[in-house]
$ cat input_4.tsv   # TSV, C-alpha atoms
chain	number	residue	atom	x	y	z
A	1	ARG	CA	0.62	-80.34	-2.03
A	2	GLY	CA	-2.33	-78.02	-2.38
A	3	PRO	CA	-4.71	-76.40	-2.69
A	4	THR	CA	-7.11	-78.98	-1.30
A	5	ALA	CA	-10.88	-79.47	-1.55
A	6	HIS	CA	-13.60	-80.41	0.94
A	7	ASP	CA	-13.23	-84.00	2.12
A	8	GLN	CA	-16.95	-84.63	1.64
A	9	LEU	CA	-16.30	-84.50	-2.12
A	10	TYR	CA	-14.19	-87.67	-1.91
A	11	LEU	CA	-17.14	-89.81	-3.02
A	12	CYS	CA	-18.19	-91.90	-5.98
A	13	LYS	CA	-20.57	-89.80	-8.05
A	14	THR	CA	-22.76	-92.82	-8.73
A	15	CYS	CA	-22.69	-94.78	-5.48
A	16	SER	CA	-22.05	-91.94	-3.00
A	17	VAL	CA	-19.54	-94.09	-1.10
A	18	ARG	CA	-16.07	-93.04	-0.01
A	19	LEU	CA	-13.36	-93.75	-2.57
A	20	LYS	CA	-10.11	-95.69	-2.08
A	21	PRO	CA	-6.81	-94.28	-3.34
A	22	VAL	CA	-4.89	-96.25	-5.95
A	23	ASP	CA	-2.23	-93.54	-5.96
A	24	VAL	CA	-2.34	-89.76	-5.56
A	25	GLU	CA	-3.94	-89.20	-8.96
A	26	HIS	CA	-6.25	-92.26	-9.18
A	27	HIS	CA	-9.11	-93.15	-6.84
A	28	ARG	CA	-11.37	-96.19	-7.07
A	29	CYS	CA	-14.96	-96.72	-5.95
A	30	PRO	CA	-15.04	-99.93	-3.85
A	31	THR	CA	-18.60	-100.64	-5.03
A	32	CYS	CA	-18.64	-100.06	-8.80
A	33	ASN	CA	-14.83	-99.98	-9.39
A	34	THR	CA	-14.98	-96.69	-11.28
A	35	VAL	CA	-11.57	-94.97	-11.20
A	36	TYR	CA	-11.58	-91.20	-10.87
A	37	THR	CA	-8.87	-88.76	-11.89
A	38	ASP	CA	-11.11	-85.71	-11.38
A	39	PRO	CA	-8.98	-82.79	-10.08
A	40	VAL	CA	-11.58	-81.95	-7.42
A	41	ILE	CA	-11.45	-85.52	-6.07
A	42	VAL	CA	-7.66	-85.43	-6.09
A	43	LYS	CA	-7.74	-82.16	-4.14
A	44	ALA	CA	-10.19	-83.67	-1.62
A	45	TYR	CA	-7.84	-86.61	-1.15
A	46	LEU	CA	-4.90	-84.28	-0.49
A	47	GLY	CA	-6.70	-82.76	2.50
A	48	ILE	CA	-7.52	-86.23	3.84
A	49	ARG	CA	-3.93	-87.35	3.39
A	50	HIS	CA	-2.56	-84.34	5.28
A	51	GLY	CA	-4.74	-85.34	8.22
A	52	GLU	CA	-3.52	-88.93	8.00
A	53	TYR	CA	0.13	-87.85	8.00
A	54	LEU	CA	-0.41	-85.81	11.16
A	55	ASN	CA	-2.26	-88.72	12.78
A	56	ASP	CA	0.79	-90.83	11.95
A	57	VAL	CA	2.95	-88.31	13.82
A	58	ALA	CA	0.68	-88.56	16.87
A	59	ALA	CA	0.78	-92.37	16.81
A	60	LEU	CA	4.56	-92.44	16.44
A	61	ALA	CA	4.98	-89.92	19.26
A	62	ALA	CA	2.80	-92.05	21.56
A	63	ALA	CA	4.83	-95.12	20.62
A	64	TYR	CA	8.06	-93.27	21.43
A	65	GLN	CA	6.70	-92.04	24.77
A	66	HIS	CA	5.72	-95.53	25.86
A	67	SER	CA	8.71	-97.44	24.45
A	68	GLY	CA	11.62	-95.01	24.46
A	69	ASN	CA	12.58	-96.36	21.03
A	70	ASP	CA	14.24	-93.54	19.09
A	71	ALA	CA	13.18	-95.11	15.78
A	72	PHE	CA	9.62	-93.89	16.40
A	73	ALA	CA	10.79	-90.35	17.13
A	74	ALA	CA	13.01	-90.40	14.03
A	75	LYS	CA	10.10	-91.43	11.81
A	76	ALA	CA	7.85	-88.70	13.26
A	77	LYS	CA	10.66	-86.19	12.83
A	78	GLY	CA	10.97	-87.11	9.16
A	79	ILE	CA	7.30	-86.30	8.51
A	80	LEU	CA	7.49	-83.03	10.42
A	81	LEU	CA	10.64	-81.94	8.59
A	82	GLN	CA	8.88	-82.42	5.25
A	83	TYR	CA	6.11	-80.09	6.43
A	84	ALA	CA	8.66	-77.60	7.77
A	85	ASP	CA	10.36	-77.61	4.34
A	86	LYS	CA	7.18	-77.21	2.30
A	87	TYR	CA	4.35	-75.79	4.44
A	88	GLU	CA	4.81	-72.19	3.32
A	89	GLN	CA	4.71	-73.27	-0.35
A	90	ILE	CA	1.29	-74.95	-0.10
A	91	GLU	CA	-1.41	-72.85	-1.76
A	92	SER	CA	-4.48	-71.96	0.28
A	93	SER	CA	-7.80	-73.11	-1.15
A	94	GLU	CA	-9.35	-69.69	-1.68
A	95	PRO	CA	-9.59	-66.30	0.05
A	96	ARG	CA	-12.99	-66.93	1.72
A	97	SER	CA	-13.24	-66.06	5.41
A	98	THR	CA	-13.47	-69.72	6.44
A	99	ALA	CA	-10.58	-70.85	4.22
A	100	ALA	CA	-8.19	-67.91	4.00
A	101	GLN	CA	-5.64	-69.30	6.44
A	102	GLY	CA	-6.00	-73.01	5.66
A	103	LYS	CA	-3.15	-74.65	3.78
A	104	MET	CA	-3.27	-78.37	4.51
A	105	CYS	CA	-7.06	-78.57	4.32
A	106	TYR	CA	-9.92	-76.89	2.48
A	107	THR	CA	-10.95	-74.62	5.35
A	108	THR	CA	-9.17	-73.15	8.33
A	109	LEU	CA	-11.44	-75.20	10.61
A	110	MET	CA	-10.42	-78.43	8.84
A	111	GLU	CA	-6.77	-77.48	9.28
A	112	ALA	CA	-7.46	-77.13	13.01
A	113	PHE	CA	-9.08	-80.57	13.06
A	114	ALA	CA	-6.08	-82.08	11.26
A	115	ALA	CA	-3.44	-80.34	13.37
A	116	SER	CA	-5.11	-80.47	16.78
A	117	HIS	CA	-3.02	-83.38	18.14
A	118	VAL	CA	0.28	-82.69	16.39
A	119	PHE	CA	1.38	-80.03	18.90
A	120	GLU	CA	1.03	-82.38	21.87
A	121	ALA	CA	2.71	-85.09	19.79
A	122	TRP	CA	5.65	-82.74	19.27
A	123	HIS	CA	5.88	-82.22	23.03
A	124	ARG	CA	6.38	-85.99	23.40
A	125	ILE	CA	9.31	-86.24	20.98
A	126	ALA	CA	10.95	-82.80	21.05
A	127	ALA	CA	13.58	-83.81	23.60
A	128	SER	CA	14.57	-86.98	21.73
A	129	PRO	CA	18.31	-87.17	21.00
A	130	VAL	CA	17.56	-87.95	17.33
A	131	ILE	CA	16.35	-84.34	16.83
A	132	THR	CA	19.06	-81.69	16.56
A	133	ALA	CA	18.65	-78.13	17.77
A	134	GLU	CA	18.55	-76.91	14.16
A	135	GLU	CA	15.85	-79.43	13.24
A	136	ARG	CA	13.85	-78.52	16.35
A	137	HIS	CA	13.93	-74.82	15.43
A	138	HIS	CA	12.98	-75.58	11.81
A	139	ILE	CA	9.99	-77.74	12.78
A	140	GLU	CA	8.71	-75.32	15.40
A	141	TYR	CA	9.04	-72.06	13.48
A	142	ASP	CA	8.49	-73.11	9.88
A	143	PHE	CA	5.63	-75.53	10.48
A	144	LEU	CA	4.05	-75.74	13.95
A	145	LEU	CA	4.04	-72.06	14.90
A	146	ASN	CA	3.41	-71.04	11.29
A	147	SER	CA	0.20	-73.07	11.23
A	148	ALA	CA	-0.78	-72.10	14.78
A	149	THR	CA	-0.41	-68.36	14.31
A	150	ARG	CA	-2.51	-68.53	11.13
A	151	LEU	CA	-5.29	-70.03	13.24
A	152	MET	CA	-4.74	-67.41	15.95
A	153	ARG	CA	-5.13	-64.57	13.43
A	154	HIS	CA	-8.19	-66.03	11.75
A	155	GLY	CA	-10.95	-65.07	14.18
A	156	ALA	CA	-14.11	-67.12	14.65
A	157	GLU	CA	-16.96	-67.92	17.01
A	158	MET	CA	-18.23	-70.91	18.98
A	159	ASN	CA	-16.75	-74.31	18.06
A	160	GLN	CA	-14.41	-72.82	15.44
A	161	ARG	CA	-12.87	-70.45	17.97
A	162	ALA	CA	-12.45	-73.32	20.42
A	163	GLU	CA	-10.72	-75.52	17.84
A	164	TYR	CA	-8.37	-72.66	16.99
A	165	PHE	CA	-7.33	-71.79	20.55
A	166	VAL	CA	-6.71	-75.49	21.27
A	167	CYS	CA	-4.21	-75.45	18.40
A	168	PHE	CA	-2.41	-72.17	18.94
A	169	GLY	CA	-2.60	-72.51	22.72
A	170	THR	CA	-0.93	-75.92	22.78
A	171	ALA	CA	1.53	-74.80	20.10
A	172	GLY	CA	2.54	-71.86	22.28
A	173	LEU	CA	2.75	-74.06	25.35
A	174	TYR	CA	4.83	-76.85	23.81
A	175	CYS	CA	7.01	-74.57	21.67
A	176	ARG	CA	7.64	-72.31	24.70
A	177	GLN	CA	6.05	-69.23	23.17
A	178	TRP	CA	4.29	-67.97	26.27
A	179	ALA	CA	2.67	-64.93	24.64
A	180	ILE	CA	0.86	-67.21	22.17
A	181	ALA	CA	-0.20	-69.57	24.96
A	182	GLY	CA	-1.44	-66.60	26.97
A	183	GLU	CA	-3.41	-65.28	24.01
A	184	ALA	CA	-5.23	-68.63	23.82
A	185	ILE	CA	-6.37	-68.16	27.42
A	186	TYR	CA	-6.82	-64.42	27.90
A	187	GLY	CA	-7.05	-62.96	24.39
A	188	ASP	CA	-10.19	-61.82	22.61
A	189	GLN	CA	-10.18	-65.10	20.64
A	190	GLY	CA	-9.24	-67.18	23.67
A	191	PHE	CA	-10.80	-69.57	26.16
A	192	LEU	CA	-12.10	-67.09	28.75
A	193	SER	CA	-13.63	-64.70	26.21
A	194	LEU	CA	-15.77	-67.49	24.81
A	195	PHE	CA	-17.90	-67.57	27.96
A	196	ASP	CA	-19.03	-64.00	27.22
A	197	ASP	CA	-19.26	-64.34	23.44
A	198	GLY	CA	-20.55	-67.88	23.01
A	199	PHE	CA	-22.67	-68.99	25.98
A	200	SER	CA	-25.88	-68.01	27.69
A	201	ASP	CA	-25.74	-67.07	31.37
A	202	ASP	CA	-26.76	-70.60	32.30
A	203	GLY	CA	-24.02	-72.23	30.23
A	204	ILE	CA	-25.59	-73.22	26.90
A	205	GLY	CA	-23.77	-72.49	23.65
A	206	LEU	CA	-25.67	-69.84	21.72
A	207	GLU	CA	-25.99	-72.05	18.65
A	208	GLY	CA	-27.37	-74.89	20.76
A	209	GLY	CA	-27.23	-78.63	20.21
A	210	ASN	CA	-24.39	-80.02	18.16
A	211	TYR	CA	-22.45	-76.76	18.26
A	212	HIS	CA	-22.67	-76.56	22.05
A	213	ARG	CA	-21.36	-80.12	22.11
A	214	ALA	CA	-18.50	-79.47	19.68
A	215	THR	CA	-17.45	-76.32	21.55
A	216	VAL	CA	-17.51	-77.98	24.98
A	217	MET	CA	-15.52	-80.98	23.76
A	218	SER	CA	-12.71	-78.71	22.55
A	219	MET	CA	-12.79	-76.58	25.71
A	220	CYS	CA	-12.54	-79.69	27.90
A	221	ARG	CA	-9.58	-80.98	25.92
A	222	PHE	CA	-7.77	-77.64	26.25
A	223	ALA	CA	-8.54	-77.29	29.97
A	224	GLU	CA	-7.29	-80.81	30.68
A	225	GLN	CA	-4.04	-80.24	28.80
A	226	LEU	CA	-3.34	-76.99	30.63
A	227	TYR	CA	-4.32	-78.42	34.03
A	228	ASP	CA	-1.61	-81.05	33.53
A	229	GLN	CA	0.84	-78.16	33.07
A	230	GLY	CA	-0.29	-76.32	36.21
A	231	VAL	CA	-2.81	-73.89	34.66
A	232	ASN	CA	-6.33	-74.15	36.13
A	233	LEU	CA	-9.10	-73.04	33.76
A	234	TYR	CA	-11.88	-74.59	35.84
A	235	THR	CA	-13.58	-71.31	36.71
A	236	PRO	CA	-17.15	-70.77	38.00
A	237	ARG	CA	-18.17	-69.86	34.44
A	238	PHE	CA	-16.85	-73.19	33.18
A	239	LYS	CA	-18.81	-74.95	35.92
A	240	ARG	CA	-22.02	-73.52	34.43
A	241	VAL	CA	-21.17	-75.24	31.16
A	242	PHE	CA	-20.66	-78.60	32.87
A	243	ASP	CA	-23.89	-78.09	34.84
A	244	ALA	CA	-25.91	-77.19	31.75
A	245	SER	CA	-24.53	-80.13	29.75
A	246	VAL	CA	-25.98	-82.45	32.41
A	247	MET	CA	-29.23	-80.59	33.00
A	248	THR	CA	-30.17	-80.60	29.31
A	249	THR	CA	-30.28	-84.38	28.96
A	250	PRO	CA	-33.32	-86.53	29.73
A	251	ARG	CA	-31.72	-88.55	32.54
A	252	GLY	CA	-29.23	-85.94	33.71
A	253	VAL	CA	-26.36	-88.03	32.33
A	254	ALA	CA	-23.90	-86.19	30.09
A	255	GLU	CA	-24.10	-87.49	26.53
A	256	TYR	CA	-20.58	-86.34	25.57
A	257	CYS	CA	-17.32	-85.54	27.38
A	258	GLN	CA	-18.27	-88.06	30.07
A	259	ALA	CA	-14.62	-88.68	30.96
A	260	SER	CA	-14.15	-84.94	31.50
A	261	TYR	CA	-16.60	-85.11	34.39
A	262	GLU	CA	-13.98	-86.97	36.41
A	263	GLN	CA	-11.87	-83.81	36.57
A	264	ALA	CA	-14.93	-81.58	36.86
A	265	TYR	CA	-16.26	-83.54	39.87
A	266	ARG	CA	-12.84	-83.54	41.50
A	267	ILE	CA	-12.82	-79.73	41.31
A	268	TYR	CA	-16.48	-78.69	41.63
A	269	ARG	CA	-17.95	-81.58	43.69
A	270	ASN	CA	-21.40	-81.08	42.17
A	271	PRO	CA	-23.49	-84.18	43.07
A	272	ASP	CA	-25.46	-83.73	39.84
A	273	TYR	CA	-22.38	-85.12	38.05
A	274	LEU	CA	-22.58	-88.44	39.88
A	275	PRO	CA	-25.07	-90.18	37.51
A	276	THR	CA	-22.65	-89.38	34.68
A	277	LEU	CA	-19.71	-90.84	36.62
A	278	ARG	CA	-21.66	-93.96	37.53
A	279	GLN	CA	-22.45	-94.49	33.86
A	280	LEU	CA	-18.84	-93.82	32.87
A	281	ARG	CA	-17.38	-96.22	35.40
A	282	LYS	CA	-19.38	-99.16	34.11
A	283	SER	CA	-16.58	-99.55	31.57
A	284	PHE	CA	-12.83	-99.11	31.96
A	285	ASN	CA	-11.47	-95.70	31.00
A	286	ALA	CA	-8.10	-94.09	31.58
A	287	GLN	CA	-9.54	-90.80	32.85
A	288	SER	CA	-11.27	-92.52	35.77
A	289	VAL	CA	-8.07	-94.39	36.66
A	290	LEU	CA	-5.83	-91.30	36.47
A	291	ASP	CA	-8.10	-88.46	37.60
A	292	GLY	CA	-11.16	-90.09	39.14
A	293	VAL	CA	-12.27	-89.47	42.69
A	294	PRO	CA	-12.17	-92.82	44.52
A	295	GLY	CA	-15.20	-94.10	46.34
A	296	ILE	CA	-17.97	-92.02	44.80
A	297	PRO	CA	-21.19	-92.54	46.79
A	298	ASP	CA	-23.92	-94.86	45.65
A	299	GLY	CA	-27.08	-93.24	44.37
A	300	PRO	CA	-29.60	-93.02	41.56
A	301	GLU	CA	-28.63	-93.68	37.97
A	302	ALA	CA	-30.60	-90.63	36.78
A	303	LEU	CA	-31.71	-87.23	38.00
A	304	SER	CA	-35.36	-86.89	38.96
A	305	ALA	CA	-35.48	-83.14	39.63
A	306	THR	CA	-36.79	-80.61	37.12
A	307	SER	CA	-34.20	-78.43	35.35
A	308	VAL	CA	-35.11	-74.88	34.31
A	309	LEU	CA	-32.59	-72.86	32.30
A	310	ASP	CA	-34.26	-69.45	32.15
A	311	ALA	CA	-31.55	-67.67	30.18
A	312	SER	CA	-31.70	-70.24	27.38
A	313	GLY	CA	-35.39	-71.03	27.57
A	314	TYR	CA	-35.03	-74.78	28.23
A	315	LEU	CA	-37.20	-76.84	30.55
A	316	PHE	CA	-36.68	-80.52	31.47
A	317	LEU	CA	-39.48	-82.09	33.54
A	318	ARG	CA	-38.32	-85.41	35.03
A	319	ARG	CA	-39.97	-88.07	37.15
A	320	ASN	CA	-39.07	-91.52	38.40
A	321	THR	CA	-42.15	-93.76	38.20
A	322	PRO	CA	-42.75	-97.45	38.94
A	323	ALA	CA	-42.69	-97.96	35.18
A	324	GLY	CA	-39.33	-96.21	34.75
A	325	HIS	CA	-37.83	-92.76	34.20
A	326	ARG	CA	-39.87	-90.17	32.28
A	327	CYS	CA	-38.84	-86.81	30.87
A	328	LEU	CA	-40.56	-84.03	28.92
A	329	ALA	CA	-38.17	-81.50	27.38
A	330	ILE	CA	-39.49	-78.15	26.11
A	331	ASN	CA	-37.62	-75.26	24.55
A	332	PHE	CA	-39.41	-71.93	24.76
A	333	GLY	CA	-36.50	-69.58	24.08
A	334	MET	CA	-33.42	-70.72	22.15
A	335	GLN	CA	-33.56	-73.33	19.44
A	336	TRP	CA	-32.41	-76.84	20.31
A	337	ASP	CA	-29.97	-76.66	17.45
A	338	ARG	CA	-28.69	-74.26	14.82
A	339	THR	CA	-30.91	-73.90	11.71
A	340	GLU	CA	-34.12	-74.62	13.65
A	341	LEU	CA	-36.40	-71.62	13.13
A	342	ASP	CA	-39.23	-72.97	15.29
A	343	ARG	CA	-38.54	-71.93	18.88
A	344	LEU	CA	-41.04	-74.30	20.52
A	345	HIS	CA	-40.43	-78.03	20.47
A	346	THR	CA	-41.46	-80.81	22.87
A	347	HIS	CA	-39.52	-84.05	23.20
A	348	PHE	CA	-40.75	-87.06	25.21
A	349	PHE	CA	-38.33	-89.60	26.71
A	350	VAL	CA	-38.87	-92.98	28.39
A	351	ASP	CA	-35.82	-94.29	30.25
A	352	GLY	CA	-33.71	-91.81	28.33
A	353	LYS	CA	-34.94	-92.83	24.87
A	354	ARG	CA	-36.93	-90.41	22.79
A	355	ILE	CA	-40.32	-91.81	21.79
A	356	ASP	CA	-41.99	-88.92	19.93
A	357	ARG	CA	-41.45	-88.21	16.26
A	358	GLN	CA	-41.41	-84.42	16.20
A	359	ILE	CA	-38.97	-83.28	13.57
A	360	GLY	CA	-35.74	-81.64	14.64
A	361	ARG	CA	-32.75	-80.27	12.80
A	362	ILE	CA	-32.14	-81.04	9.13
A	363	THR	CA	-28.63	-80.09	8.35
A	364	TYR	CA	-27.15	-77.48	6.04
A	365	GLY	CA	-28.07	-77.76	2.35
A	366	SER	CA	-30.59	-80.61	2.50
A	367	PRO	CA	-33.42	-80.19	-0.06
A	368	PHE	CA	-35.80	-81.19	2.74
A	369	ALA	CA	-34.69	-78.44	5.11
A	370	GLY	CA	-37.63	-76.21	4.15
A	371	ASN	CA	-40.13	-78.85	5.29
A	372	MET	CA	-39.37	-78.32	8.95
A	373	TYR	CA	-40.47	-74.70	8.88
$ encode --input "input_4.tsv" --output "structure tokens"
Amino acid sequence: RGPTAHDQLYLCKTCSVRLKPVDVEHHRCPTCNTVYTDPVIVKAYLGIRHGEYLNDVAALAAAYQHSGNDAFAAKAKGILLQYADKYEQIESSEPRSTAAQGKMCYTTLMEAFAASHVFEAWHRIAASPVITAEERHHIEYDFLLNSATRLMRHGAEMNQRAEYFVCFGTAGLYCRQWAIAGEAIYGDQGFLSLFDDGFSDDGIGLEGGNYHRATVMSMCRFAEQLYDQGVNLYTPRFKRVFDASVMTTPRGVAEYCQASYEQAYRIYRNPDYLPTLRQLRKSFNAQSVLDGVPGIPDGPEALSATSVLDASGYLFLRRNTPAGHRCLAINFGMQWDRTELDRLHTHFFVDGKRIDRQIGRITYGSPFAGNMY
């Protein structure tokens, strides 16, 4: 069903807490028990439910891969066939640039979030004997490739572009449409073009902060999937992104995509990644077991050297002292994060924890956003 609405609208208007569905048309606040039948809330729920259905497909596909039980593949197939039957009939939310191609969710980006794992899930079940050739063709062409090519045509920058090429790239790969897979790597909306369009020369996303993080997370996921299929996207330009993501933290320990540094260290052998790997390996993780380099050398838990990123205008002054690790971070060029108009901030860290109270980013439509300027 559709069109959908933004999932952030699925809230009680009095308590501002997330609602619970009674059925498709009725939604209850768990705090005050108010039941809503508001069409906007129903539309918001539809987008959430589409994402949950596709998560169900991913879980069933994983269960089939690990058990070999065809019942899991049959259940996943049933969900996918319903989308293949009805996807084209779902109305898009509206013709805005960020929503024009979205059918299952309010915006095209949200559709990418919802669909991002379904293509790999399909790869896990596509060869199951419970799926006929006709059903396979119907699912691939009327749902998976239909959704993926909408994302490919959309056009976007930074994290949105990355989310899109993850979807249409893996769709092309797992549905054997090599031109689409190639477009996700080499095209003007693909992986390699993003280094020129979205990053400074020293590897920082041009929107900074959370948007650098979101972009890098998607790029790592795509690179890891393709590496498993024999395609190596770990270029020198990608190394700059891994380097910068370490150098722009107080202790020189990556704060996101830590597991991706197993593969990055295996390929690039940059010793600056070792504090991140030492932190990662304090707890069990599959990436270390499957892709980790055995016997990494002992060494410090944090970097002590100064990091200067001239192209971005970031400076991290670090020092190990008898009292612990100290860091002063200064931005004199780019903002730390999108929507910050002030280009000069200082952040003080003790043992990796920020101790100053200088204001940072206040997000989007907050009534307080003007106070930071």
$ residues_around --input "input_4.tsv" --residues "Val17 (chain A)" --least-positions-apart "2" --cutoff "12 Å" --atoms "all atoms listed in the file" --output "MDAnalysis selection string"
chainID A and resid 8:15 19:20 27:34
$ closest_residue --input "input_4.tsv" --among "A:Gly292, A:Gly78, A:Pro39, A:Gly352" --to "Gln263 (chain A)" --atoms "all atoms listed in the file"
A:Gly292
$ residues_around --input "input_4.tsv" --residues "Gly51 (chain A)" --least-positions-apart "5" --cutoff "10 Å" --atoms "all atoms listed in the file" --output "VMD selection string"
chain A and resid 45 to 46 56 to 57 104 to 105 110 to 116 118
$ closest_residue --input "input_4.tsv" --among "A:Leu317, A:Leu173, A:Lys43, A:Tyr36" --to "Val231 (chain A)" --atoms "only C-alpha atoms"
A:Leu173
$ residues_around --input "input_4.tsv" --residues "region 67-73 of chain A" --least-positions-apart "3" --cutoff "8 Å" --atoms "only C-alpha atoms" --output "PDB file with C-alpha atoms, in the frame of the given file"
ATOM      1  CA  LEU A  60       4.560 -92.440  16.440  1.00  0.00           C
ATOM      2  CA  ALA A  61       4.980 -89.920  19.260  1.00  0.00           C
ATOM      3  CA  ALA A  63       4.830 -95.120  20.620  1.00  0.00           C
ATOM      4  CA  TYR A  64       8.060 -93.270  21.430  1.00  0.00           C
ATOM      5  CA  ALA A  76       7.850 -88.700  13.260  1.00  0.00           C
ATOM      6  CA  LYS A  77      10.660 -86.190  12.830  1.00  0.00           C
ATOM      7  CA  ILE A 125       9.310 -86.240  20.980  1.00  0.00           C
ATOM      8  CA  SER A 128      14.570 -86.980  21.730  1.00  0.00           C
ATOM      9  CA  PRO A 129      18.310 -87.170  21.000  1.00  0.00           C
ATOM     10  CA  VAL A 130      17.560 -87.950  17.330  1.00  0.00           C
TER      11      VAL A 130
END
$ residues_near_point --input "input_4.tsv" --point "(-5.0, -88.0, 35.3)" --cutoff "10 Å" --atoms "only C-alpha atoms" --output "tab-separated table (two decimals) with C-alpha atoms, in the frame of the given file"
chain	number	residue	atom	x	y	z
A	224	GLU	CA	-7.29	-80.81	30.68
A	227	TYR	CA	-4.32	-78.42	34.03
A	228	ASP	CA	-1.61	-81.05	33.53
A	262	GLU	CA	-13.98	-86.97	36.41
A	263	GLN	CA	-11.87	-83.81	36.57
A	286	ALA	CA	-8.10	-94.09	31.58
A	287	GLN	CA	-9.54	-90.80	32.85
A	288	SER	CA	-11.27	-92.52	35.77
A	289	VAL	CA	-8.07	-94.39	36.66
A	290	LEU	CA	-5.83	-91.30	36.47
A	291	ASP	CA	-8.10	-88.46	37.60
A	292	GLY	CA	-11.16	-90.09	39.14
$ closest_residue --input "input_4.tsv" --among "A:His117, A:Arg326, A:His347, A:His138" --to "Lys86 (chain A)" --atoms "all atoms listed in the file"
A:His138
$ residues_near_point --input "input_4.tsv" --point "(11.3, -79.1, 11.7)" --cutoff "6 Å" --atoms "only C-alpha atoms" --output "mmCIF file with C-alpha atoms, keeping the file's coordinate frame"
data_model
loop_
_atom_site.group_PDB
_atom_site.id
_atom_site.type_symbol
_atom_site.label_atom_id
_atom_site.label_comp_id
_atom_site.auth_asym_id
_atom_site.auth_seq_id
_atom_site.Cartn_x
_atom_site.Cartn_y
_atom_site.Cartn_z
ATOM 1 C CA LEU A 80 7.490 -83.030 10.420
ATOM 2 C CA LEU A 81 10.640 -81.940 8.590
ATOM 3 C CA ALA A 84 8.660 -77.600 7.770
ATOM 4 C CA GLU A 135 15.850 -79.430 13.240
ATOM 5 C CA ARG A 136 13.850 -78.520 16.350
ATOM 6 C CA HIS A 138 12.980 -75.580 11.810
ATOM 7 C CA ILE A 139 9.990 -77.740 12.780
ATOM 8 C CA GLU A 140 8.710 -75.320 15.400
#
$ atom_distance --input "input_4.tsv" --atom1 "CA of Val24 (chain A)" --atom2 "CA of Val42 (chain A)"
6.9 Å
$ closest_residue --input "input_4.tsv" --among "A:Ser92, A:Gln82, A:Gln65, A:Asn232" --to "Arg150 (chain A)" --atoms "all atoms listed in the file"
A:Ser92
$ atom_distance --input "input_4.tsv" --atom1 "CA of Val253 (chain A)" --atom2 "CA of Pro275 (chain A)"
5.8 Å
$ atom_distance --input "input_4.tsv" --atom1 "CA of Thr170 (chain A)" --atom2 "CA of Arg240 (chain A)"
24.2 Å
$ closest_residue --input "input_4.tsv" --among "A:Arg161, A:Arg269, A:Lys239, A:Arg176" --to "Ala214 (chain A)" --atoms "all atoms listed in the file"
A:Arg161
$ closest_residue --input "input_4.tsv" --among "A:Ala305, A:Met152, A:Ile204, A:Leu280" --to "Gly333 (chain A)" --atoms "all atoms listed in the file"
A:Ile204
$ decode --input "input_4.tsv" --residues "region 164-181 of chain A" --atoms "C-alpha atoms" --output "mmCIF file, in the first residue's frame"
data_model
loop_
_atom_site.group_PDB
_atom_site.id
_atom_site.type_symbol
_atom_site.label_atom_id
_atom_site.label_comp_id
_atom_site.auth_asym_id
_atom_site.auth_seq_id
_atom_site.Cartn_x
_atom_site.Cartn_y
_atom_site.Cartn_z
ATOM 1 C CA TYR A 164 21.675 4.284 -3.724
ATOM 2 C CA PHE A 165 24.710 2.658 -5.331
ATOM 3 C CA VAL A 166 24.772 0.032 -2.572
ATOM 4 C CA CYS A 167 21.238 -0.901 -3.623
ATOM 5 C CA PHE A 168 21.460 -0.818 -7.389
ATOM 6 C CA GLY A 169 25.012 -2.178 -7.361
ATOM 7 C CA THR A 170 24.120 -5.254 -5.330
ATOM 8 C CA ALA A 171 20.887 -5.656 -7.294
ATOM 9 C CA GLY A 172 22.885 -5.708 -10.525
ATOM 10 C CA LEU A 173 25.433 -8.085 -9.045
ATOM 11 C CA TYR A 174 22.976 -10.599 -7.597
ATOM 12 C CA CYS A 175 20.468 -10.388 -10.462
ATOM 13 C CA ARG A 176 23.310 -10.791 -12.998
ATOM 14 C CA GLN A 177 22.764 -7.424 -14.658
ATOM 15 C CA TRP A 178 26.407 -6.489 -15.118
ATOM 16 C CA ALA A 179 25.776 -3.097 -16.716
ATOM 17 C CA ILE A 180 23.861 -1.971 -13.610
ATOM 18 C CA ALA A 181 26.576 -3.339 -11.315
#
